[in-house]
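**Q** Submitted below is the structure of interest, expressed as structure tokens.
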Amino acid sequence: MARRRRGLPVNGVLLLDKPQGASSNHALQRARRLFQAQKAGHTGTLDPMATGLLPVCFGEATKFSSFLLEADKVYRTRVQLGVVTDTGDAEGEVVERQAVPALSEADIEAVLARFRGEIEQVPPMYSALKHQGRKLYELAREGKTVERAARRVTVYDARLLAHDAEGFELEVRVSKGTYIRTLAEDIGRALGCGAHITALRRLKTGPFSGEAMLDLATLEALEDQAAREAQLMPVDVLVAHLPALGVDAEQAGRLLHGQPILAERIELSVGSLARLYRDETFLGLGTVKTTGEIAPRRLLNTAADEHASRA
């Protein structure tokens, strides 16, 4: 007998403003409890010190969360010069202090220019990457350091917002897998005095900006479950960048039974993904297998229920 999942079948995407001091998982679990959701997951970890945009996927939306893991991101950070910590941020132990030279805006801009574009970055020891089955931060807490291979990441933009004698503020747009702590450390090293970050806020993930974020206190203040669910975005916002294809009732039935359909005059290359809709109901994703044929790739369980009610 299948074990019944506890909670409500909530489906959708929440743009959560993660509070400082909470892990991404802790913030996720608090949101899940507020929505009484059966299933939830987030789309990219933020350090406990960091705040800002943490998209949370409920229910069927978790099937499409991987699309956000690949997305570019925008951050705002404060870089403190002259102090190096073992974690690269203000929560770590100070391991080095250096005098900060008198730096003009032009001095900082000249160094920032070296970090724009595709660069190599060595992941920090205080990260969730794994070495021989163990997370790096677990090894770091035991005082251990292991070799980490450099990875290629892209800094699309690094904009200087303000600077003073002790540091500066940056807004950066980066590819997936970029560590802002490491970027700040490398910039500090290039400036000749070392650095760490004292604040970090994620402003954007893929197509989502911080303007629509909600914090936990705001969600808690809403009067009931319906009011909270009204704040969720639909599941298909996660794949809105993909082309859409409408299907009729018969085609929807075939797709929902795992069978491919023929779609005339489709202008997508073999291997392409497409969003599938019956009327305005999102069914899931299909893959172009051969010219004019679409096979189901990832479908919503709720789509089957909706189709059955209309049949």
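Ordering of the structure tokens sets the chain letters (A, B, ...); residue numbers start at 1 within each chain; ligands are numbered from 1 in the order shown.
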Skipping near chain neighbours, those fewer than 4 positions away, what residues fall within 8 Å of A:Leu160 using only C-alpha atoms, listed as a PyMOL selection string?

**A** chain A and resi 109+168-171

**Q** Assign secondary structure with DSSP using the backbone only, and return the residues of stretch 38-278 of chain A in strand (DSSP E) as an MDAnalysis selection string.

**A** chainID A and resid 40:42 51:58 73:81 83:85 94:97 117:121 130:131 134:135 151:163 167:174 195:205 208:209 244:247 261:262 273:278

**Q** Neighbouring residues of stretch 36-39 of chain A were defined as those with any atom within 9 Å, considering only C-alpha atoms; residues of the same chain fewer than 6 positions away were excluded. Please report them as a VMD selection string.

**A** chain A and resid 5 to 11 57 to 60 62 225

**Q** Keeping only N, CA and C atoms, take the residues you just selected and write them out as an mmCIF file, in the first residue's frame.

**A**
```
data_model
loop_
_atom_site.group_PDB
_atom_site.id
_atom_site.type_symbol
_atom_site.label_atom_id
_atom_site.label_comp_id
_atom_site.auth_asym_id
_atom_site.auth_seq_id
_atom_site.Cartn_x
_atom_site.Cartn_y
_atom_site.Cartn_z
ATOM 1 N N ARG A 5 1.223 10.889 1.311
ATOM 2 C CA ARG A 5 2.063 12.050 1.623
ATOM 3 C C ARG A 5 1.282 13.041 2.484
ATOM 4 N N ARG A 6 1.910 13.538 3.525
ATOM 5 C CA ARG A 6 1.268 14.492 4.420
ATOM 6 C C ARG A 6 1.268 15.872 3.788
ATOM 7 N N GLY A 7 0.245 16.653 4.084
ATOM 8 C CA GLY A 7 0.179 18.022 3.598
ATOM 9 C C GLY A 7 -0.804 18.182 2.454
ATOM 10 N N LEU A 8 -0.829 19.396 1.900
ATOM 11 C CA LEU A 8 -1.760 19.741 0.834
ATOM 12 C C LEU A 8 -1.057 19.695 -0.527
ATOM 13 N N PRO A 9 -1.799 19.386 -1.591
ATOM 14 C CA PRO A 9 -1.206 19.325 -2.930
ATOM 15 C C PRO A 9 -1.048 20.722 -3.535
ATOM 16 N N VAL A 10 -0.153 21.501 -2.953
ATOM 17 C CA VAL A 10 0.097 22.868 -3.424
ATOM 18 C C VAL A 10 1.061 22.819 -4.608
ATOM 19 N N ASN A 11 0.743 23.562 -5.683
ATOM 20 C CA ASN A 11 1.591 23.607 -6.865
ATOM 21 C C ASN A 11 1.846 25.059 -7.264
ATOM 22 N N CYS A 57 9.949 25.966 -5.159
ATOM 23 C CA CYS A 57 9.006 25.236 -6.011
ATOM 24 C C CYS A 57 8.167 24.298 -5.150
ATOM 25 N N PHE A 58 6.857 24.393 -5.297
ATOM 26 C CA PHE A 58 5.947 23.515 -4.576
ATOM 27 C C PHE A 58 5.333 22.493 -5.535
ATOM 28 N N GLY A 59 5.181 21.258 -5.047
ATOM 29 C CA GLY A 59 4.455 20.236 -5.777
ATOM 30 C C GLY A 59 5.009 19.963 -7.163
ATOM 31 N N GLU A 60 4.148 20.078 -8.180
ATOM 32 C CA GLU A 60 4.528 19.757 -9.557
ATOM 33 C C GLU A 60 5.624 20.667 -10.095
ATOM 34 N N THR A 62 8.376 21.280 -8.777
ATOM 35 C CA THR A 62 9.698 20.709 -8.515
ATOM 36 C C THR A 62 10.221 19.918 -9.709
ATOM 37 N N GLN A 225 -4.877 30.098 4.014
ATOM 38 C CA GLN A 225 -4.184 29.328 2.987
ATOM 39 C C GLN A 225 -4.449 29.875 1.587
#
```

**Q** Please compute the atom CA of A:Glu138-atom CA of A:Glu91 distance, one decimal, in Å.

**A**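 Interatomic distance, atom CA of A:Glu138 to atom CA of A:Glu91: 15.7 Å.
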
**Q** Enumerate, in order of chain and increasing residue number, the residues of stretch 194-253 of chain A with an atom no farther than 9 Å from stretch 258-273 of chain A, each with its shortest atom pair and distance in Å to one decimal, counting only C-alpha atoms, as CSV.

**A**
```
residue,atom,partner,partner_atom,distance
A:Leu242,CA,A:Leu273,CA,6.8
A:Pro243,CA,A:Leu273,CA,7.6
A:Leu245,CA,A:Ile266,CA,8.6
A:Val247,CA,A:Ala263,CA,8.3
A:Gln251,CA,A:Ile261,CA,6.2
A:Ala252,CA,A:Ile261,CA,8.7
A:Gly253,CA,A:Gln259,CA,8.6
```

**Q** Taking the backbone alone, and naming residues the way the document does, which bits of stretch 192-281 of chain A are alpha helix (DSSP H) by DSSP, as a list in words?

**A**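 Put together, the selection reads Leu216, Ala217, Thr218, Leu219, Glu220, Ala221, Gln225, Ala226, Ala227, Arg228, Glu229, Ala249, Glu250, Gln251, Ala252, Gly253, Arg254, Leu255 and Leu256 of chain A.
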
**Q** Between A:Ala90, A:Val13, A:Val83, A:Ala212, which residue has the minimum interatomic distance to A:Val239, considering only C-alpha atoms?

**A**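 Counting only C-alpha atoms, the residue closest to A:Val239 is A:Val13.
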
**Q** Could you check which of A:Leu255, A:Pro124, A:Leu81, A:Thr218 is closest to A:Gly286, using only C-alpha atoms?

**A** A:Leu255

**Q** Fewer than 5 positions away in the same chain doesn't count, so skip those; otherwise give me all residues within 10 Å of A:Lys73, counting only C-alpha atoms, as a VMD selection string.

**A** chain A and resid 53 68 155 to 156 172 to 178 202 to 209

**Q** Could you take the residues named above and write them with N, CA and C atoms, as a PDB file, in the first residue's frame?

**A**
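Dumped everything to result23.pdb:
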```
ATOM      1  N   LEU A  53      16.714  36.628  -3.225  1.00  0.00           N
ATOM      2  CA  LEU A  53      15.839  35.789  -4.023  1.00  0.00           C
ATOM      3  C   LEU A  53      16.182  34.307  -3.945  1.00  0.00           C
ATOM      4  N   LEU A  68      16.029  26.398 -13.495  1.00  0.00           N
ATOM      5  CA  LEU A  68      16.545  27.573 -12.786  1.00  0.00           C
ATOM      6  C   LEU A  68      17.950  27.339 -12.263  1.00  0.00           C
ATOM      7  N   VAL A 155      31.644  36.048 -15.698  1.00  0.00           N
ATOM      8  CA  VAL A 155      31.180  37.274 -15.045  1.00  0.00           C
ATOM      9  C   VAL A 155      30.733  38.206 -16.173  1.00  0.00           C
ATOM     10  N   TYR A 156      29.434  38.263 -16.400  1.00  0.00           N
ATOM     11  CA  TYR A 156      28.911  39.062 -17.507  1.00  0.00           C
ATOM     12  C   TYR A 156      29.078  40.547 -17.246  1.00  0.00           C
ATOM     13  N   VAL A 172      26.963  42.330  -9.506  1.00  0.00           N
ATOM     14  CA  VAL A 172      27.556  41.434 -10.492  1.00  0.00           C
ATOM     15  C   VAL A 172      26.482  40.541 -11.104  1.00  0.00           C
ATOM     16  N   ARG A 173      26.638  40.267 -12.396  1.00  0.00           N
ATOM     17  CA  ARG A 173      25.784  39.307 -13.099  1.00  0.00           C
ATOM     18  C   ARG A 173      26.679  38.172 -13.558  1.00  0.00           C
ATOM     19  N   VAL A 174      26.360  36.959 -13.129  1.00  0.00           N
ATOM     20  CA  VAL A 174      27.277  35.832 -13.312  1.00  0.00           C
ATOM     21  C   VAL A 174      26.548  34.592 -13.812  1.00  0.00           C
ATOM     22  N   SER A 175      27.329  33.645 -14.324  1.00  0.00           N
ATOM     23  CA  SER A 175      26.786  32.358 -14.750  1.00  0.00           C
ATOM     24  C   SER A 175      26.603  31.454 -13.545  1.00  0.00           C
ATOM     25  N   LYS A 176      25.923  30.337 -13.768  1.00  0.00           N
ATOM     26  CA  LYS A 176      25.721  29.362 -12.699  1.00  0.00           C
ATOM     27  C   LYS A 176      27.078  28.887 -12.176  1.00  0.00           C
ATOM     28  N   GLY A 177      27.107  28.543 -10.891  1.00  0.00           N
ATOM     29  CA  GLY A 177      28.320  27.990 -10.309  1.00  0.00           C
ATOM     30  C   GLY A 177      29.366  29.002  -9.910  1.00  0.00           C
ATOM     31  N   THR A 178      29.076  30.292 -10.053  1.00  0.00           N
ATOM     32  CA  THR A 178      30.036  31.328  -9.666  1.00  0.00           C
ATOM     33  C   THR A 178      29.913  31.613  -8.173  1.00  0.00           C
ATOM     34  N   ARG A 202      21.011  38.375  -3.291  1.00  0.00           N
ATOM     35  CA  ARG A 202      20.688  37.955  -4.653  1.00  0.00           C
ATOM     36  C   ARG A 202      19.467  38.729  -5.127  1.00  0.00           C
ATOM     37  N   LEU A 203      19.635  39.379  -6.260  1.00  0.00           N
ATOM     38  CA  LEU A 203      18.603  40.244  -6.802  1.00  0.00           C
ATOM     39  C   LEU A 203      17.811  39.597  -7.932  1.00  0.00           C
ATOM     40  N   LYS A 204      18.427  38.641  -8.623  1.00  0.00           N
ATOM     41  CA  LYS A 204      17.771  38.067  -9.796  1.00  0.00           C
ATOM     42  C   LYS A 204      18.277  36.650 -10.042  1.00  0.00           C
ATOM     43  N   THR A 205      17.369  35.790 -10.469  1.00  0.00           N
ATOM     44  CA  THR A 205      17.695  34.425 -10.899  1.00  0.00           C
ATOM     45  C   THR A 205      16.956  34.167 -12.194  1.00  0.00           C
ATOM     46  N   GLY A 206      17.693  33.995 -13.282  1.00  0.00           N
ATOM     47  CA  GLY A 206      17.041  33.780 -14.564  1.00  0.00           C
ATOM     48  C   GLY A 206      16.071  34.909 -14.867  1.00  0.00           C
ATOM     49  N   PRO A 207      14.804  34.586 -15.148  1.00  0.00           N
ATOM     50  CA  PRO A 207      13.836  35.633 -15.499  1.00  0.00           C
ATOM     51  C   PRO A 207      13.212  36.325 -14.294  1.00  0.00           C
ATOM     52  N   PHE A 208      13.533  35.872 -13.084  1.00  0.00           N
ATOM     53  CA  PHE A 208      12.860  36.381 -11.894  1.00  0.00           C
ATOM     54  C   PHE A 208      13.698  37.454 -11.202  1.00  0.00           C
ATOM     55  N   SER A 209      13.065  38.563 -10.891  1.00  0.00           N
ATOM     56  CA  SER A 209      13.742  39.643 -10.189  1.00  0.00           C
ATOM     57  C   SER A 209      13.206  39.763  -8.774  1.00  0.00           C
TER      58      SER A 209
END
```

**Q** Ranking A:Gly133, A:Pro123, A:Gly246, A:Gly88 by minimum distance to A:Ala184 and counting only C-alpha atoms, which one comes first?

**A**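 Among the listed residues, the smallest separation from A:Ala184 belongs to A:Gly88.
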
**Q** Would you mind reading off the distance between atom CA of A:Asp89 and atom CA of A:Arg181, one decimal, in Å?

**A**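 So the answer is 6.4 Å.
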
**Q** Env of A:Leu283: 12 Å cut, atoms = only C-alpha atoms, seq-sep filter 5 positions within chain, self excluded. Answer as a ChimeraX atom specification.

**A** /A:60-61,235-236,244-249,251-257,274-278,296-307

**Q** Can you tell me, as a PyMOL selection string, what residues are no more than 7 Å from A:Gln80 when counting only C-alpha atoms, ignoring any on the same chain fewer than 4 positions away?

**A** chain A and resi 166-168+195-198

**Q** May I have the residues from that selection written out with N, CA and C atoms, as a PDB file, in the first residue's frame?

**A**
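As a result, again_20.pdb now contains:
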```
ATOM      1  N   GLU A 166      37.716  51.614   3.090  1.00  0.00           N
ATOM      2  CA  GLU A 166      37.737  50.250   3.625  1.00  0.00           C
ATOM      3  C   GLU A 166      37.251  49.195   2.640  1.00  0.00           C
ATOM      4  N   GLY A 167      36.564  49.592   1.590  1.00  0.00           N
ATOM      5  CA  GLY A 167      36.050  48.602   0.652  1.00  0.00           C
ATOM      6  C   GLY A 167      35.138  49.228  -0.373  1.00  0.00           C
ATOM      7  N   PHE A 168      34.309  48.394  -0.973  1.00  0.00           N
ATOM      8  CA  PHE A 168      33.424  48.882  -2.032  1.00  0.00           C
ATOM      9  C   PHE A 168      32.219  47.957  -2.181  1.00  0.00           C
ATOM     10  N   ALA A 195      40.689  40.370   0.722  1.00  0.00           N
ATOM     11  CA  ALA A 195      39.319  40.846   0.926  1.00  0.00           C
ATOM     12  C   ALA A 195      38.415  39.704   1.354  1.00  0.00           C
ATOM     13  N   HIS A 196      37.256  40.070   1.877  1.00  0.00           N
ATOM     14  CA  HIS A 196      36.158  39.144   2.107  1.00  0.00           C
ATOM     15  C   HIS A 196      34.868  39.929   1.956  1.00  0.00           C
ATOM     16  N   ILE A 197      33.731  39.233   1.877  1.00  0.00           N
ATOM     17  CA  ILE A 197      32.467  39.946   1.746  1.00  0.00           C
ATOM     18  C   ILE A 197      31.774  40.054   3.104  1.00  0.00           C
ATOM     19  N   THR A 198      31.122  41.189   3.314  1.00  0.00           N
ATOM     20  CA  THR A 198      30.396  41.414   4.563  1.00  0.00           C
ATOM     21  C   THR A 198      28.883  41.449   4.356  1.00  0.00           C
TER      22      THR A 198
END
```

**Q** Please provide as number ranges by chain all residues within 10 Å of stretch 189-192 of chain A, with the sequence filter that same-chain residues fewer than 3 positions apart are discarded (counting only C-alpha atoms).

**A** A: 81-82, 84, 98-101, 103, 107-108, 110-112, 114-115, 183-186, 195

**Q** Can you write out the residues you just picked, keeping C-alpha atoms, as an mmCIF file, in the first residue's frame?

**A**
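The new file out.cif reads:
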```cif
data_model
loop_
_atom_site.group_PDB
_atom_site.id
_atom_site.type_symbol
_atom_site.label_atom_id
_atom_site.label_comp_id
_atom_site.auth_asym_id
_atom_site.auth_seq_id
_atom_site.Cartn_x
_atom_site.Cartn_y
_atom_site.Cartn_z
ATOM 1 C CA LEU A 81 39.431 45.094 1.916
ATOM 2 C CA GLY A 82 42.478 44.273 4.018
ATOM 3 C CA VAL A 84 40.967 37.666 4.720
ATOM 4 C CA GLN A 98 46.984 43.658 5.337
ATOM 5 C CA ALA A 99 47.248 47.391 4.914
ATOM 6 C CA VAL A 100 44.801 48.779 2.367
ATOM 7 C CA PRO A 101 46.439 51.058 -0.193
ATOM 8 C CA LEU A 103 42.639 53.219 -4.115
ATOM 9 C CA ASP A 107 42.255 51.696 -9.616
ATOM 10 C CA ILE A 108 39.319 49.483 -8.675
ATOM 11 C CA ALA A 110 41.080 48.589 -13.726
ATOM 12 C CA VAL A 111 41.124 45.428 -11.607
ATOM 13 C CA LEU A 112 37.419 44.723 -12.119
ATOM 14 C CA ARG A 114 40.305 41.751 -15.462
ATOM 15 C CA PHE A 115 37.470 39.739 -13.926
ATOM 16 C CA LEU A 183 35.346 36.442 -6.751
ATOM 17 C CA ALA A 184 35.747 39.026 -3.962
ATOM 18 C CA GLU A 185 38.793 37.217 -2.574
ATOM 19 C CA ASP A 186 40.429 37.112 -6.000
ATOM 20 C CA ALA A 195 39.319 40.846 0.926
#
```

**Q** Restricting the calculation to only C-alpha atoms: of A:Leu214, A:Pro234, A:Ser65, A:Ala40, which residue gets closest to A:Glu280?

**A** A:Pro234

**Q** Find the residue from A:Arg159, A:Asp86, A:Arg116, A:Asp164 that sits nearest to A:Gly143; use only C-alpha atoms when measuring.

**A**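 Once distances to A:Gly143 are computed over only C-alpha atoms, the minimum belongs to A:Asp86.
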